[in-house]
Structures are given as structure tokens and as C-alpha cells.
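Structure data (mmCIF, C-alpha atoms) from final-v6.cif:
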data_upload
loop_
_atom_site.label_atom_id
_atom_site.label_comp_id
_atom_site.auth_asym_id
_atom_site.auth_seq_id
_atom_site.Cartn_x
_atom_site.Cartn_y
_atom_site.Cartn_z
CA MET Y 18 -9.35 16.00 -52.34
CA ALA Y 19 -11.64 16.56 -55.25
CA CYS Y 20 -13.18 13.52 -56.89
CA MET Y 21 -11.75 11.25 -54.15
CA ASN Y 22 -13.75 8.11 -53.51
CA GLU Y 23 -14.95 8.23 -49.90
CA GLU Y 24 -16.39 4.74 -49.68
CA GLY Y 25 -15.07 2.17 -47.24
CA GLN Y 26 -14.06 4.69 -44.57
CA TRP Y 27 -15.24 2.42 -41.75
CA ILE Y 28 -13.13 -0.41 -43.08
CA VAL Y 29 -10.08 1.82 -43.09
CA LEU Y 30 -10.85 3.06 -39.56
CA MET Y 31 -11.29 -0.48 -38.21
CA GLY Y 32 -8.00 -1.44 -39.83
CA LEU Y 33 -6.32 1.34 -37.94
CA LEU Y 34 -7.93 0.28 -34.68
CA VAL Y 35 -6.64 -3.27 -35.19
CA ALA Y 36 -3.18 -1.88 -35.85
CA VAL Y 37 -3.27 0.11 -32.60
CA ALA Y 38 -4.46 -2.97 -30.69
CA LEU Y 39 -1.59 -5.01 -32.12
CA PHE Y 40 0.87 -2.39 -30.93
CA PHE Y 41 -0.51 -2.61 -27.42
CA LEU Y 42 -0.16 -6.38 -27.48
CA ALA Y 43 3.44 -5.99 -28.65
CA LEU Y 44 4.00 -3.65 -25.71
CA ILE Y 45 2.71 -6.26 -23.27
CA ILE Y 46 5.04 -8.92 -24.72
CA ASN Y 47 7.85 -6.39 -24.50
CA GLN Y 48 7.21 -5.94 -20.78
CA SER Y 49 6.78 -9.63 -19.97
CA ALA Y 50 10.54 -10.32 -19.94
CA LEU Y 51 11.05 -7.53 -17.42
CA VAL Y 52 8.28 -8.86 -15.22
CA GLY Y 53 9.82 -12.34 -15.33
CA GLN Y 54 13.20 -10.89 -14.39
CA THR Y 55 11.97 -9.04 -11.33
CA THR Y 56 10.02 -12.09 -10.20
CA ALA Y 57 12.99 -14.44 -10.67
CA GLU Y 58 15.38 -12.05 -8.92
CA GLY Y 59 12.99 -11.71 -6.03
CA VAL Y 60 12.80 -15.48 -5.66
CA LEU Y 61 16.58 -15.84 -5.99
CA GLU Y 62 17.28 -13.13 -3.45
CA PHE Y 63 14.89 -14.34 -0.80
CA PRO Y 64 16.64 -17.10 1.21
CA LYS Y 65 13.61 -19.32 1.65
CA ASN Y 66 15.51 -22.60 1.44
CA ASP Y 67 18.33 -21.28 3.64
CA ILE Y 68 15.95 -20.34 6.43
CA ARG Y 69 14.01 -23.58 6.25
CA ASP Y 70 17.24 -25.58 6.24
CA LEU Y 71 18.59 -23.57 9.18
CA ARG Y 72 15.40 -24.25 11.14
CA SER Y 73 15.58 -27.97 10.47
CA ALA Y 74 19.29 -28.00 11.45
CA ILE Y 75 18.44 -26.28 14.73
CA PHE Y 76 15.58 -28.69 15.41
CA ASP Y 77 17.92 -31.63 14.72
CA TYR Y 78 20.34 -30.03 17.19
CA VAL Y 79 17.57 -29.95 19.82
CA ASP Y 80 16.59 -33.54 18.98
CA THR Y 81 20.15 -34.77 19.55
CA GLU Y 82 20.18 -33.27 23.09
CA LEU Y 83 22.29 -30.18 22.31
CA PRO Y 84 25.76 -31.69 21.66
CA ASP Y 85 28.75 -29.43 22.35
CA GLY Y 86 30.13 -27.44 19.45
CA VAL Y 87 27.22 -27.85 17.04
CA LYS Y 88 25.81 -24.40 17.78
CA GLU Y 89 29.24 -22.89 17.13
CA ASP Y 90 29.46 -24.91 13.88
CA ILE Y 91 26.19 -23.50 12.59
CA ILE Y 92 27.00 -19.90 13.54
CA ALA Y 93 30.58 -19.95 12.20
CA ILE Y 94 29.85 -21.79 8.94
CA SER Y 95 26.79 -19.62 8.26
CA LEU Y 96 28.95 -16.52 8.47
CA GLU Y 97 31.83 -18.01 6.50
CA ARG Y 98 29.99 -19.73 3.65
CA LYS Y 99 26.46 -18.30 3.61
CA ASN Y 100 27.19 -14.64 4.42
CA ALA Y 101 24.51 -14.82 7.07
CA VAL Y 102 24.67 -13.67 10.67
CA VAL Y 103 22.90 -16.38 12.62
CA ASN Y 104 22.24 -16.74 16.31
CA PHE Y 105 19.89 -18.96 18.24
CA THR Y 106 19.22 -19.99 21.79
CA VAL Y 107 17.52 -23.07 23.15
CA ASN Y 108 16.01 -22.53 26.60
CA GLN Y 109 14.85 -24.98 29.24
CA LYS Y 110 11.69 -26.93 28.60
CA MET Y 111 8.52 -25.24 29.75
CA ASP Y 112 4.88 -26.17 30.00
CA VAL Y 113 3.03 -25.12 26.83
CA SER Y 114 -0.62 -26.16 27.10
CA GLY Y 115 0.30 -29.39 28.82
CA ARG Y 116 3.30 -30.25 26.63
CA TRP Y 117 6.92 -29.72 27.64
CA LEU Y 118 8.70 -27.87 24.87
CA HIS Y 119 11.95 -25.95 24.41
CA PRO Y 120 11.50 -22.26 23.57
CA VAL Y 121 13.87 -21.75 20.63
CA THR Y 122 14.69 -18.24 19.42
CA ILE Y 123 16.23 -17.97 15.96
CA HIS Y 124 17.78 -14.85 14.45
CA TYR Y 125 18.89 -14.74 10.82
CA ASN Y 126 20.24 -11.78 8.86
CA ASN Y 127 21.99 -12.03 5.49
CA GLY Y 128 21.99 -8.31 4.77
CA VAL Y 129 18.90 -8.51 2.59
CA THR Y 130 16.47 -10.56 4.62
CA VAL Y 131 16.05 -10.45 8.38
CA TYR Y 132 14.21 -13.31 10.03
CA ASN Y 133 13.43 -13.64 13.71
CA GLU Y 134 11.41 -16.40 15.26
CA THR Y 135 10.52 -17.85 18.64
CA VAL Y 136 9.28 -21.36 18.28
CA TYR Y 137 8.38 -23.95 20.89
CA TYR Y 138 9.92 -27.25 19.92
CA MET J 24 -15.25 28.98 -42.73
CA VAL J 25 -15.55 26.01 -40.44
CA ASN J 26 -17.64 23.07 -41.52
CA ASP J 27 -17.89 19.44 -40.42
CA ALA J 28 -16.69 17.77 -43.58
CA GLY J 29 -13.79 15.29 -43.45
CA GLN J 30 -14.20 14.20 -39.82
CA LEU J 31 -13.05 10.68 -40.58
CA TYR J 32 -9.87 12.06 -42.17
CA THR J 33 -9.15 13.86 -38.89
CA MET J 34 -9.64 10.69 -36.89
CA GLU J 35 -7.42 8.84 -39.31
CA GLY J 36 -4.76 11.42 -38.81
CA VAL J 37 -4.98 11.13 -35.03
CA ALA J 38 -4.80 7.32 -35.24
CA ALA J 39 -1.78 7.47 -37.51
CA GLY J 40 -0.11 9.86 -35.08
CA ILE J 41 -0.64 7.45 -32.19
CA ILE J 42 0.77 4.58 -34.22
CA MET J 43 3.85 6.59 -35.11
CA LEU J 44 4.42 7.53 -31.47
CA LEU J 45 4.04 3.91 -30.36
CA THR J 46 6.42 2.76 -33.08
CA ALA J 47 9.01 5.28 -32.00
CA TYR J 48 8.64 4.19 -28.37
CA ILE J 49 9.03 0.49 -29.17
CA VAL J 50 12.01 1.10 -31.43
CA VAL J 51 13.77 3.19 -28.78
CA SER J 52 12.99 0.76 -25.97
CA THR J 53 14.22 -2.32 -27.82
CA THR J 54 17.82 -1.21 -28.26
CA SER J 55 18.77 -3.82 -25.64
CA VAL J 56 17.70 -7.35 -26.44
CA TYR J 57 16.61 -9.41 -23.44
CA THR J 58 17.50 -13.07 -23.54
CA THR J 59 16.25 -15.64 -21.05
CA GLY J 60 19.72 -15.80 -19.52
CA ASP J 61 19.51 -12.11 -18.60
CA THR J 62 16.27 -12.55 -16.74
CA HIS J 63 17.65 -15.16 -14.30
CA ILE J 64 14.53 -17.28 -14.73
CA PRO J 65 16.53 -20.50 -15.50
CA ASP J 66 18.83 -19.71 -12.55
CA MET J 67 15.86 -19.49 -10.25
CA GLN J 68 14.46 -22.77 -11.55
CA LEU J 69 17.85 -24.48 -11.29
CA GLU J 70 18.37 -23.30 -7.72
CA GLN J 71 14.94 -24.51 -6.69
CA LEU J 72 15.56 -27.86 -8.37
CA GLY J 73 18.89 -28.31 -6.60
CA SER J 74 17.43 -27.37 -3.22
CA ASP J 75 14.57 -29.81 -3.71
CA VAL J 76 16.93 -32.65 -4.66
CA LEU J 77 19.08 -32.02 -1.59
CA ALA J 78 15.99 -31.88 0.63
CA MET J 79 14.76 -35.13 -0.89
CA MET J 80 18.12 -36.84 -0.34
CA ASP J 81 18.13 -35.55 3.25
CA THR J 82 14.78 -37.22 3.98
CA PRO J 83 15.11 -40.70 5.52
CA ASP J 84 13.00 -43.55 4.21
CA THR J 85 11.45 -44.18 7.60
CA ASN J 86 11.41 -42.28 10.86
CA GLY J 87 14.56 -42.80 12.89
CA MET J 88 16.66 -43.96 9.95
CA LYS J 89 19.58 -42.02 8.52
CA SER J 90 19.02 -40.12 5.31
CA ALA J 91 20.91 -41.02 2.14
CA LEU J 92 22.65 -37.64 2.21
CA GLU J 93 23.87 -38.17 5.77
CA ILE J 94 25.21 -41.63 4.92
CA PHE J 95 27.00 -40.38 1.79
CA VAL J 96 28.63 -37.49 3.67
CA ASN J 97 29.50 -39.57 6.69
CA THR J 98 31.18 -42.33 4.71
CA GLY J 99 32.65 -39.97 2.10
CA ASN J 100 30.83 -41.85 -0.67
CA SER J 101 31.17 -39.22 -3.36
CA THR J 102 30.40 -41.56 -6.27
CA ASP J 103 26.95 -42.53 -5.01
CA PHE J 104 26.25 -38.95 -3.95
CA ASN J 105 27.10 -37.74 -7.44
CA ASN J 106 25.01 -40.44 -9.14
CA THR J 107 21.98 -40.02 -6.89
CA PHE J 108 22.01 -36.23 -7.15
CA LEU J 109 22.40 -36.14 -10.92
CA SER J 110 19.84 -38.86 -11.58
CA CYS J 111 17.28 -36.87 -9.58
CA CYS J 112 18.24 -33.58 -11.26
CA ASN J 113 18.32 -34.88 -14.80
CA ALA J 114 15.05 -36.78 -14.63
CA THR J 115 12.39 -35.41 -16.94
CA THR J 116 8.78 -36.48 -17.37
CA SER J 117 9.27 -37.19 -21.05
CA GLY J 118 11.95 -37.03 -23.70
CA LYS J 119 15.67 -37.28 -23.11
CA PRO J 120 17.14 -36.43 -19.70
CA ASP J 121 18.43 -32.98 -18.85
CA ASN J 122 22.13 -32.18 -19.09
CA LEU J 123 23.02 -30.95 -15.60
CA HIS J 124 26.46 -31.30 -14.02
CA MET J 125 27.68 -30.68 -10.50
CA SER J 126 30.56 -30.40 -8.14
CA ALA J 127 30.29 -30.44 -4.38
CA ASN J 128 32.27 -29.63 -1.30
CA VAL J 129 31.71 -30.08 2.40
CA THR J 130 32.54 -27.28 4.83
CA TYR J 131 33.31 -28.23 8.40
CA ARG J 132 34.78 -26.60 11.48
CA ASP J 133 37.63 -27.80 13.64
CA ALA J 134 36.45 -27.24 17.20
CA ASN J 135 39.91 -26.97 18.72
CA THR J 136 41.45 -24.45 16.35
CA ASN J 137 38.13 -22.89 15.21
CA VAL J 138 39.33 -23.19 11.60
CA ILE J 139 36.73 -23.69 8.89
CA THR J 140 37.87 -26.05 6.14
CA GLU J 141 36.40 -26.90 2.76
CA HIS J 142 36.73 -30.48 1.67
CA LEU J 143 36.29 -31.23 -2.04
CA PHE J 144 33.60 -33.90 -2.09
CA VAL J 145 32.77 -34.27 -5.79
CA ALA J 146 35.28 -32.85 -8.26
CA PRO J 147 33.87 -30.95 -11.23
CA ASP J 148 33.92 -32.66 -14.61
CA ASN J 149 35.32 -30.91 -17.66
CA THR J 150 32.12 -29.37 -18.93
CA TRP J 151 31.38 -25.72 -19.52
CA THR J 152 28.20 -23.86 -18.85
CA GLY J 153 26.41 -22.28 -21.75
CA ARG J 154 25.10 -18.78 -21.34
CA GLU J 155 23.40 -19.66 -18.06
CA SER J 156 25.17 -19.22 -14.75
CA ALA J 157 26.00 -21.96 -12.31
CA VAL J 158 24.04 -21.86 -9.06
CA ARG J 159 25.00 -22.95 -5.58
CA VAL J 160 22.69 -24.85 -3.29
CA THR J 161 23.49 -25.87 0.27
CA ARG J 162 22.21 -28.20 2.95
CA TRP J 163 23.14 -28.67 6.59
CA VAL J 164 23.94 -32.25 7.54
CA GLN J 165 24.06 -33.41 11.16
CA LEU J 166 26.65 -36.01 12.02
CA PRO J 167 25.61 -36.98 15.58
CA SER J 168 28.39 -39.53 16.07
CA GLY J 169 31.09 -37.74 14.09
CA SER J 170 32.65 -38.80 10.84
CA PRO J 171 35.97 -40.36 9.85
CA ASN J 172 36.55 -37.46 7.44
CA TYR J 173 35.52 -34.44 9.50
CA GLY J 174 36.29 -35.28 13.12
CA SER J 175 35.02 -37.62 15.78
CA ARG J 176 32.80 -35.21 17.73
CA ALA J 177 29.10 -34.65 17.05
CA GLN J 178 28.97 -31.86 14.52
CA VAL J 179 27.10 -30.25 11.68
CA VAL J 180 28.65 -29.74 8.26
CA LEU J 181 27.48 -27.74 5.27
CA VAL J 182 27.16 -29.55 1.93
CA GLU J 183 27.50 -27.11 -0.95
CA VAL J 184 26.64 -28.18 -4.47
CA LEU J 185 27.54 -26.15 -7.52
CA LEU J 186 25.06 -26.98 -10.26
CA TRP J 187 25.14 -25.99 -13.92
CA ARG J 188 23.56 -26.90 -17.21
CA ALA J 189 26.10 -27.81 -19.89
#
As C-alpha cells:
Amino acid sequence: MACMNEEGQWIVLMGLLVAVALFFLALIINQSALVGQTTAEGVLEFPKNDIRDLRSAIFDYVDTELPDGVKEDIIAISLERKNAVVNFTVNQKMDVSGRWLHPVTIHYNNGVTVYNETVYY
Amino acid sequence: MVNDAGQLYTMEGVAAGIIMLLTAYIVVSTTSVYTTGDTHIPDMQLEQLGSDVLAMMDTPDTNGMKSALEIFVNTGNSTDFNNTFLSCCNATTSGKPDNLHMSANVTYRDANTNVITEHLFVAPDNTWTGRESAVRVTRWVQLPSGSPNYGSRAQVVLVEVLLWRA
């Protein structure tokens, strides 16, 4: 180390700090794909549209005065094509704060997501 | 003898060590290359798009009217269903339209025999997907007065659309 020029040490040190910071940024970019994957898989796996569509189908069924066979259609086709165990019951109208509404209980289970609801429609 | 000369050299050594460790970590952890197709992000977007288009087609223009989707399914109008669906899917805010393709079938149940049947509604065209997967979106359609294709009783059928980007 004799006769070595020791000027500019701070510049060298700051250069190293910048290099370390760049590595951390690279690490964050490296992780971003993984984060996007878990988010996308979570959205794909959660049957948001299925449940909303099932609810609207059941409400349409109530609107059309409970025709024969439609309940069996929904339950059978859900199991066959959507891999979802679905059951629902529509009870007699009752007085809910002055309005006469059907209590509708909905059960949905596709093995990943379980959804149960009692709604007055 | 211990003295305090060369402190900055020590720090430099420590910093270089950290950089080498980080480099080794990044090199080891990047043996598998992640593409966008692996992350399922386009699949998620495609599925949401398809669900939204079906929901839009299932919304009547005014209260009490039949929705376009219900009319197409009831009358078996696969050409208009195909055109409406794809024109909604492929619309972009600027630039050239997207390149999405679809096939569809309708699943219905025979009440007497309790047999569930799939009816090919829109046949697939001869396009291939790229690296992205095809996604399936579905929508229940009520047919309160039956349909010539699926039986005369009031029933509900499931419209399934297979959607892919060519």
C-alpha cells in the first residue's frame, strides 16, 4: 500500500453505495413478476363473477314466479359444468320493515370458495 | 499493533462483499425466466373482459325488455351472438382492434330424463392461441317461455364462451 494515492475515497464509497442501491432495485423488479402472479391467480381462483351471476339467476327465478324445473336446472348444471355445489331455497314472503319480500338462502361451494347468503328479495 | 488507519478500505471491502453476495443471490434465483404467460395476468384480464361482455349483453336496453343475449340464445342466432361478442371484446380505445376469437356452447337440462346436454352454439374458427391460454366465461340465461332449441318449458341454460387471443 505504500505510495498509494488516497484521494477521492468518498467518491469511490458513494459509487459503491449507488451500486448496492441498484442491486436492491433489481431485486424489487425481480419480485414484481411473482407478486403479479399471486395477485392474478387469486383473482382467477375467486369465483366473483360466478357468484354474482348465480345470484342474478336466482333473483330472475324469483321474479318469474318460481317456474317448475328451473331450480333443478341451476343445481344440476352448476355441478356438471361449473364444478360447484349449489343449493338455494325461496321461502314465503314475509314482512320486512313494511315490505313483503321472499327470504332467499343461497349456498355455493366450488371446493375453493364457500359462499352462504340469506337475502330478502 | 492495532491502529485506525485504512478504515475506508475496510468499508470498501464490506461493501464489495455485500455486492458479491447479492450478485450470487440474483444469479441463482434467475435460473427460471418468468414470462407474462406464466404469471396468468393476461388470463385474468381476458376472463374479466369476457365476463363483462357477457354481462353487458345480458343487460336489456330498458326495464322489462329482453336482453340481446337472451334473444340470441332463444332464437339460436349464433351469427349475431358471435359478431356482437367479438366486436365488444376486440374494441380498443385507440389503435387497431384486438385479435380475440371465441367459440360457445349452451348447456341445458332435459327435465324428463334429467340429462344435461351441450349444444354447440358458435363453432371455433381455425385459429391457434399463442403462448396464452384460452379462458372460459359463463352466464346463466333465463328462458321464461322456453326455446325452440332447448325445450318448451320455462328453463335456465348456461352459455359458456371459450375465449382466446390468436
Find the nearest atom pair between each residue of chain J and chain Y for residues within 7 Å, count all atoms listed in the file, give distances in Å to one decimal, sort rows by chain and ascending number, and present the table as CSV.
residue,atom,partner,partner_atom,distance
J:Glu35,CA,Y:Leu30,CA,6.7
J:Ala38,CA,Y:Leu33,CA,6.7
J:Ile42,CA,Y:Val37,CA,6.2
J:Thr62,CA,Y:Gln54,CA,4.2
J:His63,CA,Y:Ala57,CA,6.0
J:Ile64,CA,Y:Ala57,CA,5.2
J:Met67,CA,Y:Leu61,CA,5.7
J:Ser74,CA,Y:Asn66,CA,6.9
J:Arg132,CA,Y:Asp90,CA,6.1
J:Ala134,CA,Y:Gly86,CA,6.7
J:Arg162,CA,Y:Asp70,CA,6.5
J:Trp163,CA,Y:Ala74,CA,6.2
J:Ala177,CA,Y:Pro84,CA,6.4
J:Gln178,CA,Y:Val87,CA,5.0
J:Val179,CA,Y:Val87,CA,5.9
Atom CA of Thr115 of chain J to atom CA of Leu77 of chain J measures 17.1 Å
Using only C-alpha atoms, the shortest atom-to-atom distance to Val131 of chain Y among Y:Lys110, Y:Ile68, Y:Leu42, Y:His119 belongs to Y:Ile68
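Atom CA of Pro147 of chain J to atom CA of Phe63 of chain Y spans 27.3 Å [interatomic distance, one decimal].
Relative to atom CA of Asn127 of chain Y, atom CA of Leu96 of chain Y is found at 8.8 Å.
Put simply, the PyMOL selection byres ((chain J and resi 50-53) around 12) on this file hits Phe40, Ala43, Leu44, Ile46, Asn47, Gln48 and Ala50 of chain Y; Met43, Leu44, Leu45, Thr46, Ala47, Tyr48, Ile49, Thr54, Ser55, Val56 and Tyr57 of chain J.
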task: I would like the residues chosen by the PyMOL selection byres ((chain J and resi 146) around 9) on the shown file; could you give them as a list in words?
output: Met125, Ser126, Ala127, Asn128, Leu143, Phe144, Val145, Pro147 and Asp148 of chain J
For the file shown, report as a VMD selection string the outcome of the PyMOL selection byres ((chain J and resi 141) around 7) at residue level. chain J and resid 128 to 131 139 to 140 142 to 143
